[in-house]
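Visitor: Have a look at the structure that comes next, please.
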Amino acid sequence: MSLLFVGHAQVVQSGDENNFYTHDVESWIDYSETSRALGSSTDDFLHSVKLILKLPRIIVLSEYDRLPKKEVKFTRQNIFQRDKFTCQYCGVVFDTKKLNLDHVVPRDKGGKSSWDNLVTSCIVCNTRKSNKMPAEARMFPLRTPAAPRWRPFSTSVQNQECHESWRHFLDLSASQVEMSA
């Protein structure tokens, strides 16, 4: 709400047939009064000392000071997600408790702990490969490891229940949305 009041955001209101309307704070106050007069649910309103505003479900930033980070945080869980919880040597999907991380090029042979050198492996394959090079062990990853291009936040939001008005923006199969300035 503070971003709306200082002019850094606008409320996006969804209309019929995938039409979207943007409101600045003044027009949102007017829309809220009209909506309340028409008998909208009182659960959808935010009450202050002087105003009763319809709770915005979608906002769009009109100003921001920096772009969000695009890289995925380098964690054990994100490596498992990148590899879809699949051992990269035998191709079997496992529960997290039965998975390890394997350095394709072992650390004692110069391998780094990085996106392009770590893969998900089951305990049996990890033990069998030991600290050998892939050619020595005759074990090669099914896919070449690389930094993922997805964002953990966006995939987790897409898999959760969300307000119906968000679906058009979060559903990857939905049609493209064009917003005018």
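Order determines the names: the first chain of the structure tokens is A, the second B, and so forth; residues in each chain are numbered 1 upward, and ligands are numbered 1 upward as they are shown.
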Per DSSP on the backbone, what are the strand (DSSP E or B) residues of range 4-116 of chain A, as a PyMOL selection string?
Guide: chain A and resi 9-14+20-23+45-47+52-54+59-61+86+93+99-103
Visitor: Please produce an output containing N, CA and C atoms for each residue in the selection, written as a tab-separated table (two decimals), in the first residue's frame.
Guide:
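Below is the file result_29.tsv, written as the result:
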```
chain	number	residue	atom	x	y	z
A	9	ALA	N	3.82	2.42	-7.52
A	9	ALA	CA	3.09	1.25	-8.00
A	9	ALA	C	1.68	1.67	-8.39
A	10	GLN	N	1.05	0.85	-9.22
A	10	GLN	CA	-0.34	1.03	-9.58
A	10	GLN	C	-1.06	-0.29	-9.35
A	11	VAL	N	-2.34	-0.20	-9.05
A	11	VAL	CA	-3.15	-1.39	-8.86
A	11	VAL	C	-3.62	-1.86	-10.22
A	12	VAL	N	-3.55	-3.17	-10.44
A	12	VAL	CA	-4.06	-3.76	-11.68
A	12	VAL	C	-5.39	-4.42	-11.36
A	13	GLN	N	-6.42	-3.98	-12.06
A	13	GLN	CA	-7.76	-4.54	-11.88
A	13	GLN	C	-8.08	-5.37	-13.11
A	14	SER	N	-8.50	-6.60	-12.90
A	14	SER	CA	-8.85	-7.44	-14.05
A	14	SER	C	-10.31	-7.20	-14.39
A	20	PHE	N	-7.30	-5.57	-18.60
A	20	PHE	CA	-6.74	-5.14	-17.33
A	20	PHE	C	-6.69	-3.62	-17.30
A	21	TYR	N	-7.02	-3.06	-16.14
A	21	TYR	CA	-7.04	-1.62	-15.95
A	21	TYR	C	-6.09	-1.27	-14.81
A	22	THR	N	-5.35	-0.18	-14.97
A	22	THR	CA	-4.45	0.24	-13.89
A	22	THR	C	-5.04	1.47	-13.21
A	23	HIS	N	-4.79	1.54	-11.90
A	23	HIS	CA	-5.29	2.65	-11.09
A	23	HIS	C	-4.16	3.27	-10.29
A	45	PHE	N	-11.74	-5.46	1.99
A	45	PHE	CA	-11.44	-4.05	2.20
A	45	PHE	C	-10.43	-3.86	3.33
A	46	LEU	N	-9.62	-2.83	3.18
A	46	LEU	CA	-8.63	-2.45	4.16
A	46	LEU	C	-9.13	-1.16	4.81
A	47	HIS	N	-9.22	-1.15	6.15
A	47	HIS	CA	-9.77	-0.01	6.86
A	47	HIS	C	-8.65	0.79	7.51
A	52	ILE	N	-11.53	3.64	3.53
A	52	ILE	CA	-11.81	2.20	3.41
A	52	ILE	C	-11.50	1.88	1.95
A	53	LEU	N	-10.43	1.08	1.75
A	53	LEU	CA	-9.97	0.77	0.40
A	53	LEU	C	-10.16	-0.70	0.08
A	54	LYS	N	-10.52	-0.95	-1.15
A	54	LYS	CA	-10.57	-2.33	-1.62
A	54	LYS	C	-9.14	-2.87	-1.62
A	59	ILE	N	-0.50	-5.66	-8.11
A	59	ILE	CA	0.07	-4.34	-8.34
A	59	ILE	C	1.18	-4.49	-9.37
A	60	VAL	N	1.47	-3.39	-10.02
A	60	VAL	CA	2.59	-3.35	-10.95
A	60	VAL	C	3.46	-2.17	-10.53
A	61	LEU	N	4.75	-2.43	-10.45
A	61	LEU	CA	5.67	-1.36	-10.07
A	61	LEU	C	5.88	-0.41	-11.24
A	86	THR	N	16.97	-37.02	-9.54
A	86	THR	CA	17.36	-38.20	-10.32
A	86	THR	C	18.86	-38.38	-10.24
A	93	VAL	N	14.98	-42.07	-9.91
A	93	VAL	CA	14.52	-40.99	-9.06
A	93	VAL	C	14.50	-41.50	-7.61
A	99	LEU	N	19.88	-39.42	-1.51
A	99	LEU	CA	20.68	-38.75	-2.54
A	99	LEU	C	21.91	-38.10	-1.94
A	100	ASN	N	22.94	-38.01	-2.74
A	100	ASN	CA	24.18	-37.31	-2.41
A	100	ASN	C	24.51	-36.35	-3.54
A	101	LEU	N	25.49	-35.53	-3.30
A	101	LEU	CA	26.04	-34.70	-4.37
A	101	LEU	C	27.38	-35.31	-4.75
A	102	ASP	N	27.65	-35.38	-6.05
A	102	ASP	CA	28.92	-35.93	-6.52
A	102	ASP	C	29.66	-34.87	-7.32
A	103	HIS	N	30.93	-34.73	-7.04
A	103	HIS	CA	31.79	-33.86	-7.85
A	103	HIS	C	32.19	-34.67	-9.08
```
Visitor: Report as number ranges by chain all protein, DNA and RNA residues lying within 12 Å of Glu26 in chain A, evaluated on only C-alpha atoms, omitting residues in the same chain fewer than 5 positions from it.
Guide: A: 4-7, 10-11, 31-33, 51, 53
Visitor: Please produce an output containing N, CA and C atoms for each residue in the selection, written as a PDB file, in the first residue's frame.
Guide:
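File written: result_29.pdb
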```
ATOM      1  N   LEU A   4       1.905   2.210  -3.442  1.00  0.00           N
ATOM      2  CA  LEU A   4       0.791   2.834  -4.164  1.00  0.00           C
ATOM      3  C   LEU A   4       0.663   4.305  -3.781  1.00  0.00           C
ATOM      4  N   PHE A   5       0.744   4.594  -2.481  1.00  0.00           N
ATOM      5  CA  PHE A   5       0.557   5.970  -2.027  1.00  0.00           C
ATOM      6  C   PHE A   5       1.702   6.904  -2.401  1.00  0.00           C
ATOM      7  N   VAL A   6       2.909   6.398  -2.551  1.00  0.00           N
ATOM      8  CA  VAL A   6       4.016   7.275  -2.955  1.00  0.00           C
ATOM      9  C   VAL A   6       4.192   7.321  -4.470  1.00  0.00           C
ATOM     10  N   GLY A   7       3.341   6.600  -5.205  1.00  0.00           N
ATOM     11  CA  GLY A   7       3.380   6.674  -6.660  1.00  0.00           C
ATOM     12  C   GLY A   7       4.353   5.722  -7.330  1.00  0.00           C
ATOM     13  N   GLN A  10       1.052   0.854  -9.216  1.00  0.00           N
ATOM     14  CA  GLN A  10      -0.341   1.031  -9.583  1.00  0.00           C
ATOM     15  C   GLN A  10      -1.059  -0.285  -9.347  1.00  0.00           C
ATOM     16  N   VAL A  11      -2.337  -0.195  -9.046  1.00  0.00           N
ATOM     17  CA  VAL A  11      -3.149  -1.388  -8.858  1.00  0.00           C
ATOM     18  C   VAL A  11      -3.617  -1.859 -10.225  1.00  0.00           C
ATOM     19  N   TYR A  31     -12.635   3.884  -7.055  1.00  0.00           N
ATOM     20  CA  TYR A  31     -13.122   2.537  -7.373  1.00  0.00           C
ATOM     21  C   TYR A  31     -13.536   1.795  -6.100  1.00  0.00           C
ATOM     22  N   SER A  32     -12.776   1.965  -5.028  1.00  0.00           N
ATOM     23  CA  SER A  32     -13.092   1.301  -3.762  1.00  0.00           C
ATOM     24  C   SER A  32     -14.425   1.769  -3.213  1.00  0.00           C
ATOM     25  N   GLU A  33     -14.666   3.091  -3.275  1.00  0.00           N
ATOM     26  CA  GLU A  33     -15.942   3.635  -2.791  1.00  0.00           C
ATOM     27  C   GLU A  33     -17.113   3.098  -3.598  1.00  0.00           C
ATOM     28  N   LEU A  51      -9.950   6.188   5.513  1.00  0.00           N
ATOM     29  CA  LEU A  51     -10.309   5.545   4.249  1.00  0.00           C
ATOM     30  C   LEU A  51     -10.705   4.092   4.446  1.00  0.00           C
ATOM     31  N   LEU A  53     -10.431   1.081   1.748  1.00  0.00           N
ATOM     32  CA  LEU A  53      -9.966   0.768   0.396  1.00  0.00           C
ATOM     33  C   LEU A  53     -10.159  -0.699   0.081  1.00  0.00           C
TER      34      LEU A  53
END
```
Visitor: Would you please extract all alpha helix (DSSP H) residues from range 37-175 of chain A, as assigned by DSSP on the backbone, and give them as a PyMOL selection string?
Guide: chain A and resi 37+76-82+123-129+134-137+152-158+167-170
Visitor: Using only C-alpha atoms, which of A:Ile29, A:Thr34, A:Gln77, A:Asn126 sits nearest Lys50 in chain A?
Guide: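 Once distances to Lys50 in chain A are computed over only C-alpha atoms, the minimum belongs to A:Ile29.
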Visitor: Pick out the residues sitting within 10 Å of Phe80 in chain A, and hand them over as a PyMOL selection string; count only C-alpha atoms, and ignore anything fewer than 2 positions along from it in its own chain.
Guide: chain A and resi 75-78+82-87+94-96+99-101+119-121
Visitor: May I have the residues from that selection written out with N, CA and C atoms, as a PDB file, in the first residue's frame?
Guide:
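After the write, selection-v6.pdb holds the following:
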```pdb
ATOM      1  N   THR A  75      22.576 -24.118  -3.695  1.00  0.00           N
ATOM      2  CA  THR A  75      22.321 -24.930  -2.507  1.00  0.00           C
ATOM      3  C   THR A  75      22.149 -26.385  -2.909  1.00  0.00           C
ATOM      4  N   ARG A  76      22.290 -27.252  -1.942  1.00  0.00           N
ATOM      5  CA  ARG A  76      22.104 -28.691  -2.139  1.00  0.00           C
ATOM      6  C   ARG A  76      20.704 -28.977  -2.703  1.00  0.00           C
ATOM      7  N   GLN A  77      19.686 -28.373  -2.080  1.00  0.00           N
ATOM      8  CA  GLN A  77      18.301 -28.609  -2.510  1.00  0.00           C
ATOM      9  C   GLN A  77      18.078 -28.135  -3.947  1.00  0.00           C
ATOM     10  N   ASN A  78      18.664 -27.004  -4.332  1.00  0.00           N
ATOM     11  CA  ASN A  78      18.484 -26.507  -5.695  1.00  0.00           C
ATOM     12  C   ASN A  78      19.202 -27.388  -6.722  1.00  0.00           C
ATOM     13  N   ARG A  82      17.320 -29.102  -9.730  1.00  0.00           N
ATOM     14  CA  ARG A  82      17.826 -28.994 -11.104  1.00  0.00           C
ATOM     15  C   ARG A  82      17.868 -30.362 -11.772  1.00  0.00           C
ATOM     16  N   ASP A  83      18.338 -31.366 -11.035  1.00  0.00           N
ATOM     17  CA  ASP A  83      18.462 -32.724 -11.575  1.00  0.00           C
ATOM     18  C   ASP A  83      17.195 -33.553 -11.397  1.00  0.00           C
ATOM     19  N   LYS A  84      16.115 -32.912 -10.918  1.00  0.00           N
ATOM     20  CA  LYS A  84      14.808 -33.564 -10.739  1.00  0.00           C
ATOM     21  C   LYS A  84      14.893 -34.788  -9.835  1.00  0.00           C
ATOM     22  N   PHE A  85      15.719 -34.699  -8.786  1.00  0.00           N
ATOM     23  CA  PHE A  85      15.873 -35.752  -7.783  1.00  0.00           C
ATOM     24  C   PHE A  85      16.235 -37.091  -8.417  1.00  0.00           C
ATOM     25  N   THR A  86      16.966 -37.019  -9.536  1.00  0.00           N
ATOM     26  CA  THR A  86      17.355 -38.197 -10.316  1.00  0.00           C
ATOM     27  C   THR A  86      18.862 -38.382 -10.237  1.00  0.00           C
ATOM     28  N   CYS A  87      19.288 -39.621  -9.920  1.00  0.00           N
ATOM     29  CA  CYS A  87      20.713 -39.924  -9.930  1.00  0.00           C
ATOM     30  C   CYS A  87      21.212 -39.741 -11.358  1.00  0.00           C
ATOM     31  N   PHE A  94      15.043 -40.693  -6.694  1.00  0.00           N
ATOM     32  CA  PHE A  94      15.130 -41.077  -5.291  1.00  0.00           C
ATOM     33  C   PHE A  94      14.547 -40.006  -4.390  1.00  0.00           C
ATOM     34  N   ASP A  95      14.220 -40.409  -3.162  1.00  0.00           N
ATOM     35  CA  ASP A  95      13.862 -39.479  -2.103  1.00  0.00           C
ATOM     36  C   ASP A  95      15.131 -38.716  -1.710  1.00  0.00           C
ATOM     37  N   THR A  96      14.975 -37.504  -1.237  1.00  0.00           N
ATOM     38  CA  THR A  96      16.118 -36.664  -0.864  1.00  0.00           C
ATOM     39  C   THR A  96      17.069 -37.361   0.107  1.00  0.00           C
ATOM     40  N   LEU A  99      19.876 -39.422  -1.514  1.00  0.00           N
ATOM     41  CA  LEU A  99      20.679 -38.753  -2.541  1.00  0.00           C
ATOM     42  C   LEU A  99      21.910 -38.098  -1.936  1.00  0.00           C
ATOM     43  N   ASN A 100      22.939 -38.008  -2.741  1.00  0.00           N
ATOM     44  CA  ASN A 100      24.177 -37.311  -2.408  1.00  0.00           C
ATOM     45  C   ASN A 100      24.510 -36.354  -3.539  1.00  0.00           C
ATOM     46  N   LEU A 101      25.491 -35.526  -3.300  1.00  0.00           N
ATOM     47  CA  LEU A 101      26.041 -34.705  -4.368  1.00  0.00           C
ATOM     48  C   LEU A 101      27.381 -35.312  -4.753  1.00  0.00           C
ATOM     49  N   VAL A 119      26.677 -32.936  -9.406  1.00  0.00           N
ATOM     50  CA  VAL A 119      25.464 -33.599  -9.886  1.00  0.00           C
ATOM     51  C   VAL A 119      24.844 -34.383  -8.737  1.00  0.00           C
ATOM     52  N   THR A 120      23.566 -34.675  -8.892  1.00  0.00           N
ATOM     53  CA  THR A 120      22.855 -35.510  -7.944  1.00  0.00           C
ATOM     54  C   THR A 120      23.204 -36.964  -8.216  1.00  0.00           C
ATOM     55  N   SER A 121      23.503 -37.706  -7.154  1.00  0.00           N
ATOM     56  CA  SER A 121      23.779 -39.133  -7.326  1.00  0.00           C
ATOM     57  C   SER A 121      23.226 -39.907  -6.140  1.00  0.00           C
TER      58      SER A 121
END
```
Visitor: Restricting the calculation to only C-alpha atoms, which member of A:Arg143, A:Arg66, A:Arg57, A:Lys98 is positioned closest to Leu118 in chain A?
Guide: A:Arg143
Visitor: Point out the residue among A:Arg167, A:His8, A:Lys97, A:Lys132 with the least atom-to-atom distance to Glu63 in chain A, counting only C-alpha atoms.
Guide: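 That would be A:His8, the residue with the smallest distance to Glu63 in chain A.
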Visitor: Compare A:Asn19, A:Asp24, A:Cys90, A:Ile79 by their minimum atom-to-atom distance to Val124 in chain A, counting only C-alpha atoms, and give me the closest one.
Guide: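 The answer is A:Cys90, which sits nearest to Val124 in chain A.
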